[in-house]
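Each remark here refers to the structure printed beneath this line.
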Amino acid sequence: MANVTLEEAKRACDAAVAKAQGLGIKVSVSVVDSGTILVATNKMDGALIIGVEGSRGKAVASVIFGQPSGELESRFARPTMQALILQYGGKFIMGQGALPITRDGEIVGACGVGGGTSQEDEDCARAGIDAI
C-alpha cells in the first residue's frame, strides 16, 4: 500500500501553517500515513497544546474512514461509533478539520489541523494537501 512521503508531509505542514498565518490563527498540523502512523506534525508558536492531538486525531479519523473528518460528526453518537472509538483508544476524532490525501485514486494518508474554527482547520488542511 502506498503512503504519503515525509517530504510530502513536510510540504503539507508548511502550507497549512502558511494558510493559518494568512488567516491570523495559530494551529497545529498532523499528517498521517494510510496506516494512521504519524509522518509529520507542526505546532505554531502560541498554538494550543491540545491542538497537536486534535489535529492528529482528526487525521486518523479521515484516513480510517476515507473521507473528510467533518463528514463523520453526525455519526459520533451512534453506538457502533462509540464502540470503535473505545477500541481505538480514543485515537480518532470525528470533527471537521482533516481531509484524506489520495494518489491515483488510493488513500495514502490524511492531513489534520486543530486550533482554528472547524472551517478554518479544514481550509488549512486543504491548503496542505494542495501543496503535495
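Simple scheme: letters A, B, ... for chains in C-alpha cells order, numbers from 1 for residues in each chain, numbers from 1 for ligands in the order shown.
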(message) I need the residues in region 2-132 of chain A that are strand (DSSP E or B) according to DSSP; give them as a PyMOL selection string.
(response) chain A and resi 28-33+38-43+98-103+106-114
(request) Tell me which protein, DNA and RNA residues are within 7 Å of region 32-37 of chain A, counting only C-alpha atoms, leaving out same-chain ones fewer than 5 positions away, and put them as a PyMOL selection string. (result) chain A and resi 3-4+59-60+63+107-111
Using C-alpha atoms, can you export the residues from the last selection as a PDB file, in the first residue's frame?
ATOM      1  CA  ASN A   3       1.859   6.084   1.690  1.00  0.00           C
ATOM      2  CA  VAL A   4       2.387   9.806   1.859  1.00  0.00           C
ATOM      3  CA  ALA A  59      -6.274  12.965  10.501  1.00  0.00           C
ATOM      4  CA  VAL A  60      -6.577   9.423  11.868  1.00  0.00           C
ATOM      5  CA  VAL A  63      -7.738   8.057   6.885  1.00  0.00           C
ATOM      6  CA  ILE A 107      -5.803   6.952   0.066  1.00  0.00           C
ATOM      7  CA  VAL A 108      -2.166   7.410   1.084  1.00  0.00           C
ATOM      8  CA  GLY A 109      -2.713   9.451   4.242  1.00  0.00           C
ATOM      9  CA  ALA A 110      -4.563  12.411   5.721  1.00  0.00           C
ATOM     10  CA  CYS A 111      -3.822  15.951   6.853  1.00  0.00           C
TER      11      CYS A 111
END
(message) Env of Asp130 (chain A): 10 Å cut, atoms = only C-alpha atoms, seq-sep filter 2 positions within chain, self excluded. Answer as a ChimeraX atom specification.
(response) /A:11-12,15-16,101,124-128,132
Let me see the file: selected residues, N, CA and C atoms, as a compact mmCIF listing (two decimals), in the first residue's frame.
# COMPACT_ATOMS: atom_id res chain seq x y z
N ARG A 11 5.79 19.32 3.30
CA ARG A 11 5.22 20.37 2.45
C ARG A 11 3.79 20.69 2.87
N ALA A 12 3.02 19.64 3.21
CA ALA A 12 1.64 19.85 3.65
C ALA A 12 1.60 20.66 4.94
N ALA A 15 2.51 24.34 4.21
CA ALA A 15 1.43 25.06 3.51
C ALA A 15 0.25 25.31 4.44
N ALA A 16 -0.07 24.36 5.29
CA ALA A 16 -1.18 24.56 6.24
C ALA A 16 -0.84 25.67 7.23
N ILE A 101 -5.66 12.24 1.92
CA ILE A 101 -4.70 12.51 0.84
C ILE A 101 -4.76 11.31 -0.10
N CYS A 124 -7.17 25.06 6.16
CA CYS A 124 -5.73 24.90 6.30
C CYS A 124 -5.30 23.50 5.84
N ALA A 125 -6.09 22.49 6.19
CA ALA A 125 -5.79 21.12 5.73
C ALA A 125 -5.83 21.06 4.20
N ARG A 126 -6.82 21.71 3.60
CA ARG A 126 -6.92 21.74 2.13
C ARG A 126 -5.69 22.39 1.53
N ALA A 127 -5.23 23.50 2.12
CA ALA A 127 -4.01 24.16 1.62
C ALA A 127 -2.82 23.22 1.71
N GLY A 128 -2.76 22.46 2.80
CA GLY A 128 -1.67 21.50 2.96
C GLY A 128 -1.69 20.43 1.88
N ILE A 132 0.88 19.29 -2.00
CA ILE A 132 1.55 17.99 -2.28
C ILE A 132 1.56 17.73 -3.78
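The nearest approach to Glu7 (chain A) among the residues A:Val52, A:Val113, A:Ala40, A:Ile25, with only C-alpha atoms taken into account, belongs to A:Ala40.
Between CA of Gly24 (chain A) and CA of Gly97 (chain A) lies a distance of 16.7 Å.
With only C-alpha atoms as the basis for measurement, A:Gly115 is the residue among A:Met81, A:Gly115, A:Lys58, A:Pro68 that approaches Asp45 (chain A) most closely.
With only C-alpha atoms as the basis for measurement, A:Asp104 is the residue among A:Asp123, A:Asp104, A:Glu71, A:Glu53 that approaches Met1 (chain A) most closely.
Using only C-alpha atoms for every distance, the candidate list A:Met44, A:Arg75, A:Ala83, A:Val29 yields A:Val29 as the residue closest to Leu99 (chain A).
Ranking A:Ala131, A:Leu86, A:Ala61, A:Leu48 by their shortest atom-to-atom distance to Ala9 (chain A), with only C-alpha atoms included, puts A:Ala131 first.
Nearest to Leu84 (chain A) of all the residues A:Glu8, A:Ile64, A:Ala98, A:Val39 is A:Ile64, based on only C-alpha atoms.
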(message) If you run DSSP on the backbone here, which positions in region 87-120 of chain A get alpha helix (DSSP H)? Please write them as a PyMOL selection string.
(response) chain A and resi 87+118-120
Once you have the residues from the selection above, write them out as a CSV table (one decimal), in the first residue's frame, restricted to N, CA and C atoms.
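Written output follows (out14.csv):
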chain,number,residue,atom,x,y,z
A,87,GLN,N,-12.4,1.0,21.1
A,87,GLN,CA,-11.5,0.0,20.6
A,87,GLN,C,-10.2,0.7,20.1
A,118,SER,N,-13.7,25.2,13.0
A,118,SER,CA,-13.8,23.9,12.2
A,118,SER,C,-13.5,24.2,10.8
A,119,GLN,N,-14.1,25.2,10.2
A,119,GLN,CA,-13.9,25.6,8.8
A,119,GLN,C,-12.5,26.1,8.6
A,120,GLU,N,-11.9,26.9,9.4
A,120,GLU,CA,-10.5,27.3,9.3
A,120,GLU,C,-9.6,26.1,9.3
(request) Find the residues around Met94 (chain A) up to 6 Å (only C-alpha atoms counted), leave out those fewer than 3 positions away in its own chain, and share them as a ChimeraX atom specification. (result) /A:69,72-73
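CA of Ala20 (chain A) is found 13.2 Å from CA of Gly51 (chain A).
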